[in-house]
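Student: Below are the structure tokens for one structure; questions will follow.
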Amino acid sequence: MNIRKSILIRVYLAFGLMVFGALLVFGKLLHLQYVDGGDWRAMADSLTIRERSIEAARGNIYSNDGNLLATSVPEYELRFDAMSIPAEANDVFNSKVDSLATRLATHFADKSARQYLAMLKNARAKKARYVLLKRNVSHQDLKVVKTFPLFHTFKEGKKRYSTSLVTVRENKRILPFTNLAARTIGYKNTKGDTVLVGLEGAYGRYIDGKSGSQLMQRIAGGVWVPVNRQVEVAPVDGSDIISTLDVNMQDMAQRALEKQLIASDADNGCVILMEVQTGEVRAIANFTRDSEGVFREKYNYAIAQGADPGSTFKLASYLALLDDGLVDTSTRVDIGNGSYKVPSHTIKDSHAPKKSVLTVKEAFEESSNVGVAKLVNTHYGEHPARYTAKLHHFGLGQPLGLQIPGEVKPWVKTPDSRTWSKLSLVQMAYGYELRLTPLQMLAFYNAVANDGQMVAPLFVKEIRHLGNTVERFQARVVSKQIASKAAIEKVQAMLEGVMTEGTGKKISSPLYSSAGKTGTAQMNDGARGYGARRYQSSFAGYFPADNPKYSMIVVIRNPRKGYYGGAIAGPVFKELADMVYANDLTLHGTFASRKVNTSGGKTPLTLAGSKEASNTVYEALGFHPSSWTALAQPTDTSSKGVPFVEVQIKEGIVPNVLGMGLSDAVFTMENAGFKTKVSGRGKVITQSLTAGLKLKVGTPIILALN
């Protein structure tokens, strides 16, 4: 045999062995796949274990007055372990499964007892360990379900059997007050791109808590079941957030705003109520009209809607002029017929002026565009950077750094801005070519109310975990003094003048002093500019003016039934301020400090009414009546006694209600059996039927009030 033939034989032999080996491997693979595959897959399933994250219960969000604004409630997923009863105890399973199916059908009313029975028996036949029965089950329902047959541990003969119920807990976030401050409370959406909104988003690191873990085992069919009924690492619940919101004030704000949005047929609006010294936001409401015409909290305009503020911005222009010593409140400005020509534009007042020459104070009170534009142009026209620098010094050009996300950066242009033009200075003077959010504008008014100190609005005052304070937030001072105290005092007087002499006169209250400014601005409609004639109505101010405790701003966009700030936004300011004043007793002072009788030392006149009721009131107020003599007419007496007229109500006898208020008069007349008609307001000055007459029950009587 030659060498070549020997080599070929060896090569063929080696190749043959390799092919044979490959065939053996391929055959083994086929055997594993199709013959032993089921056993190996079952073994793999039985050996596959992983950790499942157990969500912690998110912390609660509370209002300033202790009400629950947001909380987590547990919801459960119910699963059925068909093999918790061993296979050899089929008789035990069969003796109870019918009753279980009936109880499930009766309680949940989503399937018939026969359908539940078929599901449970089918699971038993397949030896299923983790069959889904029901999702989104409340804790109360779970307590009931745990009493069902097979769903609790029980003893049959001498043998004890474990429950067939497997529960998976999930946490559902709810708002007990539904839409109350819903956008400010916010949410945290982690599905897809993470979205952080409001307090839920901003303080997620505190509210979320720490997740626990549980070992899960994959069984046949790729289903994961808990290895143990108890979790291996228990979750740590989140911390609680104590917000600055007041539930009652928030409710008042939303009702007042919604009512005016409906009345004015507007697109959207917002109102913010804030404490002057602390910057704590007591109420913040945002409403948008949806496609169904219903107003809902869908967008936080208060912090995320930047726009031209309009005439409310005039306060900043006048403060700049006063602080720089360029004018005084008595300085006169000639507004002519209410128009002012500047290059390529004519500025006009919304109303014809009562006189052509006004003082600075009068121009502010009447909200004259011409007055403020002329003053700013005259004194800053050669040096516009001086004016814009002043605005930035006031803090109007920088974001407030809020505790919740979404604040739009303010835009207060300067001569270096790309869009600066010859018109920019005069337009900015009365609130155009700017971008400020309602909350940024309110922070400026709040600084004026706070004697010049600007504080950042506060939404969260404390974080607690298990009742213990983790962190406490105090008022953050943005600027200790935005302007001189002399200038601040002058604009404070001007703001009060608006309410007593100017555009806010109709919404002032006789019970307390207030200060504020109306605002009306045309809205920029993108490519259409200001040609669409859509308006933003606003009112910003504070109360009580002599000792400010609350500041407030109201903004209503695109009202169709009127658009002036005093008529559209002003009523919301008044209604909310009136309700806050009525509910906040700290604004009323003490009884001892009130001047109930400015004419001298006599007690005030007491109106006619019930002796017992009046006596109770007098004692509560610290008066000690010495005589209860029934008088023919209400009269005043000396301080030795308390004046009182006791009314005797007899059916069919006309009572004397002169001097009574409306509610007392109507109550008295109706109880005597007469039908009352009323005209006017105040106290009763005349009654159409003479007191003491005996008439038929149901006779009408007219009361005139004044």
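Labels used: A, B, ... for chains in the order of the structure tokens, numbers from 1 for residues in each chain, and numbers from 1 for ligands as shown.
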Determine, using only C-alpha atoms, which residues of segment 396-447 of chain A have any atom at most 10 Å from an atom of segment 299-311 of chain A, and tabulate each with its shortest atom pair and distance in Å to one decimal place, rows ordered by chain and then rising number, as a Markdown table.
Tutor:
```
| residue | atom | partner | partner_atom | distance |
| --- | --- | --- | --- | --- |
| A:Leu400 | CA | A:Ile303 | CA | 9.8 |
| A:Leu402 | CA | A:Ile303 | CA | 8.9 |
| A:Ile404 | CA | A:Ile303 | CA | 9.2 |
| A:Pro405 | CA | A:Ile303 | CA | 8.8 |
| A:Gly406 | CA | A:Ala304 | CA | 5.7 |
| A:Glu407 | CA | A:Ile303 | CA | 5.0 |
| A:Val408 | CA | A:Ala304 | CA | 5.1 |
| A:Lys409 | CA | A:Gly306 | CA | 8.0 |
| A:Pro410 | CA | A:Gly306 | CA | 7.0 |
| A:Trp411 | CA | A:Gly306 | CA | 8.4 |
| A:Gln427 | CA | A:Gly310 | CA | 9.6 |
| A:Met428 | CA | A:Gly310 | CA | 8.8 |
| A:Ala429 | CA | A:Ser311 | CA | 8.8 |
| A:Tyr430 | CA | A:Ser311 | CA | 5.4 |
| A:Gly431 | CA | A:Gly310 | CA | 4.0 |
| A:Tyr432 | CA | A:Asp308 | CA | 5.1 |
| A:Glu433 | CA | A:Asp308 | CA | 6.5 |
| A:Leu434 | CA | A:Asp308 | CA | 5.2 |
| A:Arg435 | CA | A:Ala307 | CA | 4.5 |
| A:Leu436 | CA | A:Gly306 | CA | 4.7 |
| A:Thr437 | CA | A:Gly306 | CA | 4.4 |
| A:Pro438 | CA | A:Ala302 | CA | 5.2 |
| A:Leu439 | CA | A:Ala302 | CA | 5.5 |
| A:Gln440 | CA | A:Ile303 | CA | 7.7 |
| A:Met441 | CA | A:Pro309 | CA | 7.8 |
| A:Leu442 | CA | A:Ala302 | CA | 9.7 |
```
Student: Determine which residues of segment 53-222 of chain A receive a DSSP assignment of strand (DSSP E or B), computed from the backbone, and state them as an NGL selection string.
Tutor: :A and (53-54 or 61-62 or 68-80 or 131-138 or 154-156 or 159-161 or 165-174 or 187-189 or 195-197 or 210 or 212-219)
Student: What lies within 7 Å of segment 558-565 of chain A using only C-alpha atoms, ignoring chain neighbours under 6 positions off, as number ranges by chain?
Tutor: A: 264-267, 518-520, 534-539
Student: How would the residues just chosen look if you wrote them out with N, CA and C atoms as a PDB file, in the first residue's frame?
Tutor:
```pdb
ATOM      1  N   SER A 264     -69.781  84.393  32.249  1.00  0.00           N
ATOM      2  CA  SER A 264     -69.115  85.206  31.221  1.00  0.00           C
ATOM      3  C   SER A 264     -68.858  84.431  29.934  1.00  0.00           C
ATOM      4  N   ASP A 265     -69.214  83.142  29.921  1.00  0.00           N
ATOM      5  CA  ASP A 265     -69.019  82.296  28.736  1.00  0.00           C
ATOM      6  C   ASP A 265     -67.557  82.318  28.290  1.00  0.00           C
ATOM      7  N   ALA A 266     -66.664  82.032  29.228  1.00  0.00           N
ATOM      8  CA  ALA A 266     -65.223  82.091  28.972  1.00  0.00           C
ATOM      9  C   ALA A 266     -64.660  80.717  28.621  1.00  0.00           C
ATOM     10  N   ASP A 267     -63.420  80.715  28.123  1.00  0.00           N
ATOM     11  CA  ASP A 267     -62.751  79.453  27.768  1.00  0.00           C
ATOM     12  C   ASP A 267     -62.109  78.791  28.981  1.00  0.00           C
ATOM     13  N   THR A 518     -57.491  96.362  38.473  1.00  0.00           N
ATOM     14  CA  THR A 518     -58.138  95.654  37.380  1.00  0.00           C
ATOM     15  C   THR A 518     -57.176  95.519  36.204  1.00  0.00           C
ATOM     16  N   GLY A 519     -57.425  94.548  35.358  1.00  0.00           N
ATOM     17  CA  GLY A 519     -56.579  94.356  34.179  1.00  0.00           C
ATOM     18  C   GLY A 519     -57.371  93.809  33.009  1.00  0.00           C
ATOM     19  N   THR A 520     -57.186  94.412  31.850  1.00  0.00           N
ATOM     20  CA  THR A 520     -57.811  93.923  30.617  1.00  0.00           C
ATOM     21  C   THR A 520     -56.749  93.925  29.533  1.00  0.00           C
ATOM     22  N   ARG A 534     -59.615  88.811  21.156  1.00  0.00           N
ATOM     23  CA  ARG A 534     -59.868  87.939  22.293  1.00  0.00           C
ATOM     24  C   ARG A 534     -59.177  88.558  23.499  1.00  0.00           C
ATOM     25  N   TYR A 535     -59.820  88.518  24.666  1.00  0.00           N
ATOM     26  CA  TYR A 535     -59.333  89.264  25.815  1.00  0.00           C
ATOM     27  C   TYR A 535     -59.031  88.369  27.016  1.00  0.00           C
ATOM     28  N   GLN A 536     -58.151  88.893  27.846  1.00  0.00           N
ATOM     29  CA  GLN A 536     -57.875  88.291  29.142  1.00  0.00           C
ATOM     30  C   GLN A 536     -58.257  89.313  30.206  1.00  0.00           C
ATOM     31  N   SER A 537     -59.178  88.940  31.078  1.00  0.00           N
ATOM     32  CA  SER A 537     -59.628  89.820  32.158  1.00  0.00           C
ATOM     33  C   SER A 537     -58.983  89.357  33.460  1.00  0.00           C
ATOM     34  N   SER A 538     -58.512  90.319  34.244  1.00  0.00           N
ATOM     35  CA  SER A 538     -57.823  89.928  35.476  1.00  0.00           C
ATOM     36  C   SER A 538     -58.063  90.944  36.587  1.00  0.00           C
ATOM     37  N   PHE A 539     -57.823  90.501  37.789  1.00  0.00           N
ATOM     38  CA  PHE A 539     -57.863  91.373  38.962  1.00  0.00           C
ATOM     39  C   PHE A 539     -56.864  90.827  39.967  1.00  0.00           C
TER      40      PHE A 539
END
```
Student: Quick one: pull the distance between atom CA of Pro74 of chain A and atom CA of Ala56 of chain A, Å, one decimal.
Tutor: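 These atoms are spaced 10.4 Å apart.
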Student: According to DSSP computed on the backbone, where in segment 345-512 of chain A is there helix (DSSP H, G or I)? Give the residues as a PyMOL selection string.
Tutor: chain A and resi 360-365+369-380+384-393+424-429+438-449+485-500+505-507
Student: Interatomic distance between atom CA of Val478 of chain A and atom CA of Glu462 of chain A?
Tutor: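 These two atoms are separated by 20.0 Å.
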Student: Compile the contact shell of segment 345-347 of chain A as a list of chain:residue names: residues with an atom at most 12 Å away, counting only C-alpha atoms, same-chain residues fewer than 6 positions apart removed.
Tutor: A:Ile335, A:Gly336, A:Asn337, A:Gly338, A:Ser339, A:Ser368, A:Asn369, A:Val370, A:Gly371, A:Val372, A:Ala373, A:Lys374, A:Lys422, A:Leu423, A:Ser424, A:Val426, A:Gln427, A:Ala429, A:Tyr430
Student: Pull N, CA and C atoms from the residues just selected and write them as an mmCIF file, in the first residue's frame.
Tutor:
```
data_model
loop_
_atom_site.group_PDB
_atom_site.id
_atom_site.type_symbol
_atom_site.label_atom_id
_atom_site.label_comp_id
_atom_site.auth_asym_id
_atom_site.auth_seq_id
_atom_site.Cartn_x
_atom_site.Cartn_y
_atom_site.Cartn_z
ATOM 1 N N ILE A 335 -53.375 113.770 29.575
ATOM 2 C CA ILE A 335 -53.779 112.650 28.717
ATOM 3 C C ILE A 335 -54.675 113.106 27.569
ATOM 4 N N GLY A 336 -54.940 114.416 27.512
ATOM 5 C CA GLY A 336 -55.725 114.967 26.410
ATOM 6 C C GLY A 336 -57.095 114.329 26.313
ATOM 7 N N ASN A 337 -57.403 113.832 25.129
ATOM 8 C CA ASN A 337 -58.705 113.187 24.906
ATOM 9 C C ASN A 337 -58.644 111.668 25.060
ATOM 10 N N GLY A 338 -57.543 111.199 25.673
ATOM 11 C CA GLY A 338 -57.406 109.764 25.907
ATOM 12 C C GLY A 338 -56.685 109.033 24.808
ATOM 13 N N SER A 339 -55.855 109.752 24.036
ATOM 14 C CA SER A 339 -55.046 109.105 23.000
ATOM 15 C C SER A 339 -53.647 109.702 23.005
ATOM 16 N N SER A 368 -55.533 104.473 33.178
ATOM 17 C CA SER A 368 -55.281 105.145 31.903
ATOM 18 C C SER A 368 -54.037 104.578 31.227
ATOM 19 N N ASN A 369 -54.206 103.990 30.043
ATOM 20 C CA ASN A 369 -53.061 103.525 29.253
ATOM 21 C C ASN A 369 -52.190 104.693 28.822
ATOM 22 N N VAL A 370 -52.848 105.764 28.429
ATOM 23 C CA VAL A 370 -52.130 106.948 27.957
ATOM 24 C C VAL A 370 -51.273 107.529 29.072
ATOM 25 N N GLY A 371 -51.843 107.599 30.281
ATOM 26 C CA GLY A 371 -51.113 108.185 31.397
ATOM 27 C C GLY A 371 -49.819 107.456 31.693
ATOM 28 N N VAL A 372 -49.881 106.127 31.851
ATOM 29 C CA VAL A 372 -48.670 105.385 32.212
ATOM 30 C C VAL A 372 -47.686 105.326 31.049
ATOM 31 N N ALA A 373 -48.187 105.188 29.808
ATOM 32 C CA ALA A 373 -47.291 105.137 28.648
ATOM 33 C C ALA A 373 -46.549 106.451 28.478
ATOM 34 N N LYS A 374 -47.260 107.568 28.671
ATOM 35 C CA LYS A 374 -46.638 108.883 28.510
ATOM 36 C C LYS A 374 -45.585 109.123 29.584
ATOM 37 N N LYS A 422 -39.131 100.206 18.675
ATOM 38 C CA LYS A 422 -39.425 101.546 19.179
ATOM 39 C C LYS A 422 -40.703 101.560 20.017
ATOM 40 N N LEU A 423 -41.542 100.570 19.802
ATOM 41 C CA LEU A 423 -42.799 100.506 20.546
ATOM 42 C C LEU A 423 -42.675 99.759 21.867
ATOM 43 N N SER A 424 -41.614 99.013 22.050
ATOM 44 C CA SER A 424 -41.519 98.098 23.193
ATOM 45 C C SER A 424 -41.670 98.802 24.533
ATOM 46 N N VAL A 426 -43.169 101.696 25.442
ATOM 47 C CA VAL A 426 -44.516 102.170 25.776
ATOM 48 C C VAL A 426 -45.497 101.006 25.880
ATOM 49 N N GLN A 427 -45.293 99.949 25.113
ATOM 50 C CA GLN A 427 -46.171 98.781 25.206
ATOM 51 C C GLN A 427 -45.988 98.065 26.542
ATOM 52 N N ALA A 429 -45.141 99.411 29.278
ATOM 53 C CA ALA A 429 -45.624 100.276 30.356
ATOM 54 C C ALA A 429 -47.008 99.867 30.830
ATOM 55 N N TYR A 430 -47.857 99.420 29.913
ATOM 56 C CA TYR A 430 -49.203 99.015 30.326
ATOM 57 C C TYR A 430 -49.469 97.526 30.083
#
```
Student: What is the distance between atom CA of Val166 of chain A and atom CA of Gln214 of chain A, in Å to one decimal?
Tutor: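 One can read the atom CA of Val166 of chain A to atom CA of Gln214 of chain A distance as 13.6 Å.
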Student: Excluding same-chain residues fewer than 6 positions from Ala256 of chain A, what lies within 10 Å of it counting only C-alpha atoms, as a count of residues only?
Tutor: 10
Student: So which one's closest to Thr503 of chain A, A:Arg464, A:Arg472, A:Lys675, A:His351? Using only C-alpha atoms, please.
Tutor: A:His351
Student: When distances are computed from only C-alpha atoms, which of A:Lys480, A:Leu68, A:Gly682, A:Ile649 shows the smallest separation from Gly661 of chain A?
Tutor: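 Closest to Gly661 of chain A, using only C-alpha atoms: A:Gly682.
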Student: How close does each residue of segment 435-511 of chain A get to segment 542-549 of chain A, giving the shortest atom pair and distance in Å to one decimal for every residue with an atom at most 8 Å away, counting only C-alpha atoms, sorted by chain and residue number, as a Markdown table?
Tutor:
```
| residue | atom | partner | partner_atom | distance |
| --- | --- | --- | --- | --- |
| A:Tyr445 | CA | A:Tyr542 | CA | 7.8 |
| A:Asn446 | CA | A:Tyr542 | CA | 7.4 |
| A:Ala449 | CA | A:Pro548 | CA | 6.1 |
| A:Asn450 | CA | A:Pro548 | CA | 7.4 |
| A:Glu496 | CA | A:Ala545 | CA | 6.9 |
```
Student: Save the residues we just selected, C-alpha atoms, as a PDB file, in the first residue's frame?
Tutor:
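The new file result37.pdb reads:
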```
ATOM      1  CA  TYR A 445     -48.546  92.155  44.298  1.00  0.00           C
ATOM      2  CA  ASN A 446     -47.925  90.083  47.413  1.00  0.00           C
ATOM      3  CA  ALA A 449     -48.727  94.005  50.365  1.00  0.00           C
ATOM      4  CA  ASN A 450     -45.788  92.661  52.392  1.00  0.00           C
ATOM      5  CA  GLU A 496     -56.521 101.316  47.888  1.00  0.00           C
TER       6      GLU A 496
END
```
Student: Gly325 of chain A: which residues within 9 Å, counting only C-alpha atoms, same-chain residues fewer than 4 positions away excluded, as an NGL selection string?
Tutor: :A and (320-321 or 487)
Student: Keeping only N, CA, C and O atoms, take the residues you just selected and write them out as a PDB file, in the first residue's frame.
Tutor:
```pdb
ATOM      1  N   ALA A 320     -41.740 101.662  39.559  1.00  0.00           N
ATOM      2  CA  ALA A 320     -40.430 102.045  39.019  1.00  0.00           C
ATOM      3  C   ALA A 320     -40.275 103.558  38.994  1.00  0.00           C
ATOM      4  O   ALA A 320     -39.238 104.110  39.414  1.00  0.00           O
ATOM      5  N   LEU A 321     -41.299 104.260  38.513  1.00  0.00           N
ATOM      6  CA  LEU A 321     -41.250 105.730  38.437  1.00  0.00           C
ATOM      7  C   LEU A 321     -41.126 106.354  39.823  1.00  0.00           C
ATOM      8  O   LEU A 321     -40.341 107.291  40.033  1.00  0.00           O
ATOM      9  N   ALA A 487     -41.729 104.391  48.427  1.00  0.00           N
ATOM     10  CA  ALA A 487     -42.396 104.073  47.160  1.00  0.00           C
ATOM     11  C   ALA A 487     -43.464 103.003  47.359  1.00  0.00           C
ATOM     12  O   ALA A 487     -44.552 103.078  46.767  1.00  0.00           O
TER      13      ALA A 487
END
```
Student: Leaving out segment 176-189 of chain A and any residue of its chain fewer than 5 positions from it, which residues lie within 9 Å of it when counting only C-alpha atoms, given as a ChimeraX atom specification?
Tutor: /A:61,68-71,194-202,204,245,247,250-251,254,283-286,296-300,404,459
Student: With distances taken over only C-alpha atoms, which of A:Glu382, A:Arg58, A:Phe151, A:Leu142 is nearest to Phe80 of chain A?
Tutor: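 Once distances to Phe80 of chain A are computed over only C-alpha atoms, the minimum belongs to A:Phe151.
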